[in-house]
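Trainee: Data: query25.cif, mmCIF, C-alpha atoms and all ligand atoms.
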```cif
data_run
loop_
_atom_site.label_atom_id
_atom_site.label_comp_id
_atom_site.auth_asym_id
_atom_site.auth_seq_id
_atom_site.Cartn_x
_atom_site.Cartn_y
_atom_site.Cartn_z
CA MET D 162 206.27 80.67 -92.45
CA LYS D 163 203.19 81.74 -90.58
CA THR D 164 199.99 80.83 -92.40
CA ILE D 165 196.41 81.69 -91.55
CA HIS D 166 193.45 80.34 -93.48
CA PHE D 167 189.84 81.53 -93.34
CA GLU D 168 186.83 79.85 -94.79
CA ILE D 169 185.24 83.30 -95.03
CA ILE D 170 186.75 86.74 -94.52
CA ASP D 171 185.92 90.19 -95.85
CA SER D 172 189.25 90.45 -97.67
CA THR D 173 192.66 88.94 -96.90
CA ASN D 174 194.27 92.33 -97.64
CA THR D 175 191.88 94.12 -95.28
CA TYR D 176 192.52 91.48 -92.58
CA LEU D 177 196.26 92.19 -92.76
CA LYS D 178 195.65 95.95 -92.71
CA ARG D 179 193.69 95.53 -89.48
CA ASN D 180 196.14 93.15 -87.82
CA TYR D 181 199.63 93.82 -89.17
CA LYS D 182 200.91 95.16 -85.86
CA ASP D 183 200.42 91.77 -84.17
CA LEU D 184 201.65 89.63 -87.06
CA ASP D 185 205.12 88.58 -88.24
CA ASN D 186 206.88 89.51 -91.43
CA PHE D 187 205.85 87.12 -94.24
CA THR D 188 202.54 86.06 -92.65
CA PHE D 189 200.49 84.44 -95.38
CA VAL D 190 196.69 84.71 -95.18
CA SER D 191 194.41 82.80 -97.53
CA ALA D 192 190.66 82.37 -97.79
CA ASP D 193 188.08 80.19 -99.52
CA PHE D 194 185.75 83.16 -99.86
CA GLN D 195 185.97 86.93 -99.54
CA SER D 196 182.77 88.85 -98.88
CA ALA D 197 184.42 92.16 -99.82
CA GLY D 198 187.36 91.18 -102.03
CA ARG D 199 189.11 94.20 -103.47
CA GLY D 200 190.88 94.80 -106.78
CA ARG D 201 192.95 97.66 -108.18
CA ASN D 202 191.35 101.05 -108.91
CA ASN D 203 188.70 100.52 -106.20
CA ARG D 204 187.12 97.64 -108.07
CA ASN D 205 185.58 94.59 -106.40
CA TRP D 206 187.28 91.22 -106.73
CA LYS D 207 184.59 88.57 -106.95
CA SER D 208 185.43 84.91 -106.69
CA GLU D 209 183.26 81.80 -106.23
CA LYS D 210 183.69 80.08 -102.85
CA GLY D 211 186.52 77.52 -102.77
CA GLU D 212 187.23 77.78 -106.49
CA ASN D 213 190.25 80.07 -106.58
CA LEU D 214 193.48 80.91 -104.80
CA LEU D 215 193.01 84.09 -102.77
CA PHE D 216 195.79 85.19 -100.48
CA SER D 217 197.78 88.09 -99.09
CA LEU D 218 201.31 88.32 -97.84
CA LEU D 219 202.50 90.72 -95.15
CA ILE D 220 205.89 92.38 -95.66
CA LYS D 221 207.42 94.16 -92.68
CA ASP D 222 211.07 93.69 -93.62
CA GLU D 223 212.47 97.19 -94.28
CA SER D 224 214.90 96.02 -96.94
CA LEU D 225 211.90 94.75 -98.93
CA ILE D 226 209.61 97.67 -98.14
CA LYS D 227 212.09 100.02 -99.80
CA GLU D 228 211.77 97.96 -102.99
CA PHE D 229 207.99 98.51 -103.08
CA LYS D 230 208.06 99.77 -106.67
CA SER D 231 209.26 96.43 -107.99
CA LEU D 232 207.51 93.97 -105.67
CA SER D 233 204.16 93.81 -107.44
CA ILE D 234 205.65 93.03 -110.86
CA ILE D 235 208.05 90.52 -109.25
CA SER D 236 205.01 88.92 -107.58
CA ALA D 237 203.39 88.58 -111.02
CA LEU D 238 206.60 86.99 -112.31
CA SER D 239 206.55 84.60 -109.33
CA VAL D 240 202.98 83.56 -110.11
CA ILE D 241 204.01 82.82 -113.71
CA GLU D 242 207.08 80.86 -112.62
CA ALA D 243 205.01 78.83 -110.14
CA ILE D 244 202.30 78.01 -112.70
CA ASP D 245 204.88 77.30 -115.39
CA LEU D 246 202.74 77.17 -118.53
CA PRO D 247 203.49 78.56 -121.99
CA GLU D 248 201.77 81.76 -123.17
CA LEU D 249 201.60 83.41 -119.76
CA SER D 250 202.56 87.07 -119.66
CA ILE D 251 202.49 90.17 -117.49
CA LYS D 252 200.09 92.89 -118.50
CA TRP D 253 201.78 95.90 -116.91
CA PRO D 254 201.71 96.82 -114.10
CA ASN D 255 201.00 93.40 -112.62
CA ASP D 256 198.16 91.38 -114.18
CA VAL D 257 198.94 87.82 -115.19
CA TYR D 258 197.51 86.96 -118.59
CA TYR D 259 197.10 83.70 -120.46
CA LYS D 260 196.99 84.61 -124.15
CA ASP D 261 194.54 87.57 -124.15
CA ASN D 262 192.68 86.80 -120.93
CA LYS D 263 193.36 87.71 -117.33
CA LEU D 264 194.32 84.78 -115.11
CA ALA D 265 195.46 86.55 -111.94
CA GLY D 266 195.47 90.00 -110.37
CA ILE D 267 197.63 91.63 -107.75
CA LEU D 268 196.79 94.41 -105.31
CA LEU D 269 199.77 95.87 -103.47
CA GLU D 270 198.94 98.20 -100.61
CA GLY D 271 201.08 100.05 -98.10
CA VAL D 272 200.14 101.01 -94.57
CA SER D 273 201.81 104.25 -93.55
CA THR D 274 202.01 106.47 -90.54
CA ASP D 275 204.98 108.81 -90.82
CA LYS D 276 206.76 106.01 -92.69
CA ILE D 277 205.64 102.87 -94.54
CA GLU D 278 204.90 100.36 -91.75
CA CYS D 279 204.25 97.39 -93.99
CA LEU D 280 203.27 96.26 -97.46
CA ILE D 281 200.42 93.91 -98.19
CA ILE D 282 200.55 91.97 -101.43
CA GLY D 283 197.18 90.45 -102.30
CA ILE D 284 196.97 87.92 -105.10
CA GLY D 285 193.91 86.35 -106.69
CA ILE D 286 194.53 83.48 -109.12
CA ASN D 287 191.59 82.01 -111.02
CA VAL D 288 191.95 78.28 -110.54
CA ASN D 289 188.82 76.14 -110.85
CA GLN D 290 186.14 78.73 -111.63
CA LYS D 291 184.63 78.07 -115.04
CA GLU D 292 182.26 80.98 -115.49
CA PHE D 293 182.86 84.63 -114.71
CA ILE D 294 179.68 86.65 -114.61
CA GLY D 295 180.15 90.39 -114.47
CA ASP D 296 180.90 93.48 -116.41
CA TYR D 297 184.14 92.34 -118.03
CA LYS D 298 185.54 93.85 -121.20
CA ARG D 299 186.99 90.43 -121.83
CA GLU D 300 186.04 87.37 -119.76
CA PRO D 301 188.83 86.25 -117.41
CA THR D 302 190.25 82.76 -117.69
CA SER D 303 191.25 80.15 -115.10
CA LEU D 304 193.73 77.28 -114.90
CA CYS D 305 190.86 74.84 -115.17
CA LYS D 306 189.65 76.47 -118.39
CA ILE D 307 193.17 76.44 -119.79
CA LEU D 308 194.01 72.86 -118.83
CA ASN D 309 190.55 71.35 -119.01
CA LYS D 310 190.84 69.75 -115.58
CA ASP D 311 190.48 70.74 -111.93
CA ILE D 312 193.62 71.87 -110.14
CA ASN D 313 194.59 71.24 -106.51
CA ILE D 314 194.50 74.68 -104.89
CA GLU D 315 196.65 73.67 -101.88
CA THR D 316 199.49 72.41 -104.08
CA LEU D 317 199.38 75.58 -106.16
CA LYS D 318 199.31 77.71 -103.00
CA GLU D 319 202.51 76.08 -101.76
CA LYS D 320 204.26 76.51 -105.12
CA VAL D 321 203.32 80.19 -105.38
CA TYR D 322 204.32 80.89 -101.80
CA LYS D 323 207.74 79.20 -102.28
CA GLN D 324 208.38 81.05 -105.54
CA ILE D 325 207.57 84.44 -104.00
CA GLU D 326 209.70 83.65 -100.97
CA SER D 327 212.67 82.66 -103.11
CA ASN D 328 212.32 85.66 -105.46
CA PHE D 329 211.98 88.09 -102.55
CA LYS D 330 215.22 86.69 -101.09
CA LEU D 331 216.84 87.52 -104.43
CA VAL D 332 215.38 91.05 -104.27
CA LYS D 333 217.16 91.48 -100.93
CA ASN D 334 220.39 90.42 -102.67
CA ASN D 335 219.83 93.01 -105.41
CA TYR D 336 219.17 90.43 -108.12
CA ASP D 337 218.05 92.10 -111.36
CA PHE D 338 214.74 90.64 -112.58
CA TYR D 339 214.43 92.99 -115.54
CA LYS D 340 215.59 90.53 -118.23
CA LYS D 341 213.00 87.98 -117.11
CA ILE D 342 210.24 90.59 -116.89
CA VAL D 343 210.75 92.22 -120.32
CA LYS D 344 210.38 88.82 -121.97
CA LEU D 345 206.88 88.59 -120.47
CA ASP D 346 205.67 92.07 -121.48
CA TYR D 347 202.10 91.55 -122.83
CA LEU D 348 201.53 95.16 -123.89
CA LYS D 349 204.81 95.75 -125.74
CA ASN D 350 204.21 97.18 -129.22
CA LYS D 351 200.43 97.11 -128.80
CA GLU D 352 198.24 100.06 -129.75
CA VAL D 353 195.84 100.51 -126.84
CA TYR D 354 193.06 102.79 -125.74
CA ALA D 355 193.95 104.26 -122.39
CA GLU D 356 193.18 107.08 -119.99
CA ILE D 357 196.09 109.34 -119.10
CA ASN D 358 195.39 112.41 -116.93
CA ASN D 359 191.62 112.02 -117.47
CA GLU D 360 192.08 111.95 -121.24
CA LEU D 361 191.08 108.90 -123.30
CA ARG D 362 193.58 108.31 -126.08
CA ASN D 363 195.01 105.77 -128.45
CA ILE D 364 198.61 105.20 -127.51
CA LYS D 365 201.36 102.85 -128.51
CA VAL D 366 203.08 100.93 -125.73
CA LEU D 367 206.81 100.79 -126.28
CA GLY D 368 207.50 98.52 -123.30
CA ILE D 369 208.45 98.18 -119.66
CA ASN D 370 211.40 100.33 -118.56
CA LYS D 371 214.27 99.22 -116.32
CA ASP D 372 212.63 100.97 -113.34
CA TYR D 373 209.34 99.15 -114.14
CA SER D 374 207.56 102.28 -115.36
CA LEU D 375 205.90 101.97 -118.80
CA LYS D 376 207.19 103.73 -121.90
CA VAL D 377 204.37 104.81 -124.22
CA LYS D 378 204.07 106.97 -127.34
CA LYS D 379 201.22 109.46 -127.26
CA ASP D 380 201.05 111.43 -130.52
CA ASN D 381 204.67 112.47 -130.89
CA ASP D 382 205.51 112.43 -127.19
CA ILE D 383 207.29 109.66 -125.34
CA LEU D 384 205.97 109.28 -121.78
CA ASN D 385 207.22 107.13 -118.93
CA LEU D 386 204.23 106.31 -116.75
CA GLN D 387 203.87 104.98 -113.23
CA SER D 388 201.05 102.55 -112.53
CA GLY D 389 198.62 105.14 -111.08
CA GLU D 390 198.94 107.39 -114.12
CA ILE D 391 197.26 105.23 -116.76
CA THR D 392 194.11 103.10 -116.96
CA PHE D 393 193.73 100.76 -119.89
CA HIS D 394 190.40 100.50 -121.65
CA VAL D 395 191.11 97.23 -123.44
C1 LIG E 401 193.25 93.32 -109.52
O1 LIG E 401 193.61 92.76 -110.55
O2 LIG E 401 192.42 94.24 -109.56
C2 LIG E 401 193.83 92.88 -108.21
C3 LIG E 401 193.03 91.78 -107.59
C4 LIG E 401 193.59 91.29 -106.27
C5 LIG E 401 192.68 90.27 -105.63
C6 LIG E 401 193.28 89.65 -104.41
S1 LIG E 401 192.36 88.27 -103.84
C7 LIG E 401 193.27 88.24 -102.36
C8 LIG E 401 193.50 89.67 -101.94
N1 LIG E 401 192.40 90.16 -101.15
C9 LIG E 401 191.72 91.12 -101.77
O3 LIG E 401 190.71 91.69 -101.32
N2 LIG E 401 192.27 91.38 -102.95
C10 LIG E 401 193.43 90.57 -103.19
#
```
Step by step, read the file and then write its structure as structure tokens.
Mentor:
Amino acid sequence: MKTIHFEIIDSTNTYLKRNYKDLDNFTFVSADFQSAGRGRNNRNWKSEKGENLLFSLLIKDESLIKEFKSLSIISALSVIEAIDLPELSIKWPNDVYYKDNKLAGILLEGVSTDKIECLIIGIGINVNQKEFIGDYKREPTSLCKILNKDINIETLKEKVYKQIESNFKLVKNNYDFYKKIVKLDYLKNKEVYAEINNELRNIKVLGINKDYSLKVKKDNDILNLQSGEITFHV
């Protein structure tokens, strides 16, 4: 395992995007602080210095790259398995929730030329941050808020890394994670307000499908959505 740690970097995902050509498969880059941390849907990912676990993993292995549709949700599962607390769930496509609050987020990016050269899986886990100031619909949570004590970030980092490594080996052996993932489906059977094709609607989530798309009921239609096709407003 090749690990790189920065006290300060713009973003661990961006660092890997710039440098993937010179780095090995499974290089793990973490940082105490990101000056331009990025989240999904072009959002910023803000995190207090040294309080949280911020890292990205470089995937160059072609047998994993071809599984790109499942890797982000399997990364969320790995985070849950590493943390190992009750009441953790996956809010599709890949947020980790504790009860009704977000604990961790995942940003999977691909770098392509004429083919996908590599995948970059960026994970931010809220660990010791107690206050989250920003425009949140619901304030995120952290392990420290859940457990009422500070957590050792290095120990957690090792656990998460090992869990991802072991699950990704299983992916290469065609292991089926679906049964584990459906049990953790936060949105299943919830009525939510969401944007589909620029339209804001109330929909009912029926659950995560075998191919990790999301089955929803919109009026009388059943739709199977990929992650880019829906934005939740909850
Ligand atoms: C999201 O929920 O919107 C995804 C957040 C992903 C944040 C992590 S922190 C480490 C890595 N570097 C980034 O700039 N983003 C990801």
Trainee: Which residues are near ligand LIG 401 (chain E) - at most 9 Å, using only C-alpha atoms and all ligand atoms? Format: as JSON, numbers by chain.
Mentor: {"D": [171, 172, 173, 174, 175, 176, 190, 191, 192, 195, 196, 197, 198, 199, 200, 201, 202, 203, 204, 205, 206, 207, 208, 213, 214, 215, 216, 217, 218, 255, 256, 257, 263, 265, 266, 267, 268, 269, 281, 282, 283, 284, 285, 286]}
Trainee: Residues of region 293-345 of chain D that have any atom at most 12 Å from an atom of region 247-251 of chain D: could you tabulate them with the shortest-distance atom pair and the distance in Å to one decimal, using all atoms listed in the file, ordered by chain and increasing number, as a Markdown table?
Mentor:
```
| residue | atom | partner | partner_atom | distance |
| --- | --- | --- | --- | --- |
| D:Thr302 | CA | D:Leu249 | CA | 11.6 |
| D:Ser303 | CA | D:Leu249 | CA | 11.8 |
| D:Leu304 | CA | D:Leu249 | CA | 11.1 |
| D:Ile307 | CA | D:Glu248 | CA | 10.7 |
| D:Leu308 | CA | D:Pro247 | CA | 11.5 |
| D:Lys341 | CA | D:Ile251 | CA | 10.7 |
| D:Ile342 | CA | D:Ile251 | CA | 7.8 |
| D:Val343 | CA | D:Ile251 | CA | 9.0 |
| D:Lys344 | CA | D:Ser250 | CA | 8.3 |
| D:Leu345 | CA | D:Ser250 | CA | 4.7 |
```
Trainee: Please, which residues in region 237-261 of chain D fall within 10 Å of region 352-371 of chain D when counting only C-alpha atoms, and what is the closest atom pair and distance in Å to one decimal for each, ordered by chain then residue number, as CSV?
Mentor:
```
residue,atom,partner,partner_atom,distance
D:Lys252,CA,D:Ile369,CA,10.0
D:Trp253,CA,D:Ile369,CA,7.6
D:Pro254,CA,D:Ile369,CA,8.8
```
Trainee: I'd like the neighbourhood of region 227-232 of chain D as an MDAnalysis selection string, where a residue qualifies if any of its atoms comes within 12 Å (using only C-alpha atoms), though same-chain residues fewer than 4 positions away should be ignored.
Mentor: chainID D and resid 218 220:223 236:239 253:255 267:272 276:283 325:326 328:339 342 369:374 387:389
Trainee: May I ask which of the residues D:Lys378, D:Tyr297, D:Ser273, D:Tyr258 is the closest one to Lys182 (chain D), counting all atoms listed in the file?
Mentor: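 Going through D:Lys378, D:Tyr297, D:Ser273, D:Tyr258 one by one, the smallest distance to Lys182 (chain D) is for D:Ser273.
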Trainee: May I ask which of the residues D:Ile241, D:Glu212, D:Asp346, D:Ile226 is the closest one to Lys291 (chain D), counting all atoms listed in the file?
Mentor: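 With all atoms listed in the file as the atom set, the closest residue is D:Glu212.
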Trainee: Hey, can you check how far CA of Lys178 (chain D) sits from CA of Thr316 (chain D)?
Mentor: 26.4 Å
Trainee: Suppose you want the space between CA of Glu319 (chain D) and CA of Thr188 (chain D); what is it in Å?
Mentor: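 Going from CA of Glu319 (chain D) over to CA of Thr188 (chain D) covers 13.5 Å.
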Trainee: Report the distance between CA of Leu219 (chain D) and CA of Ser327 (chain D) in Å, rounded to one decimal place.
Mentor: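 Pair CA of Leu219 (chain D) / CA of Ser327 (chain D) returns 15.2 Å.
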Trainee: When distances are computed from only C-alpha atoms, which of D:Leu375, D:Leu317, D:Ile383, D:Met162 shows the smallest separation from Asn186 (chain D)?
Mentor: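 Closest to Asn186 (chain D), using only C-alpha atoms: D:Met162.
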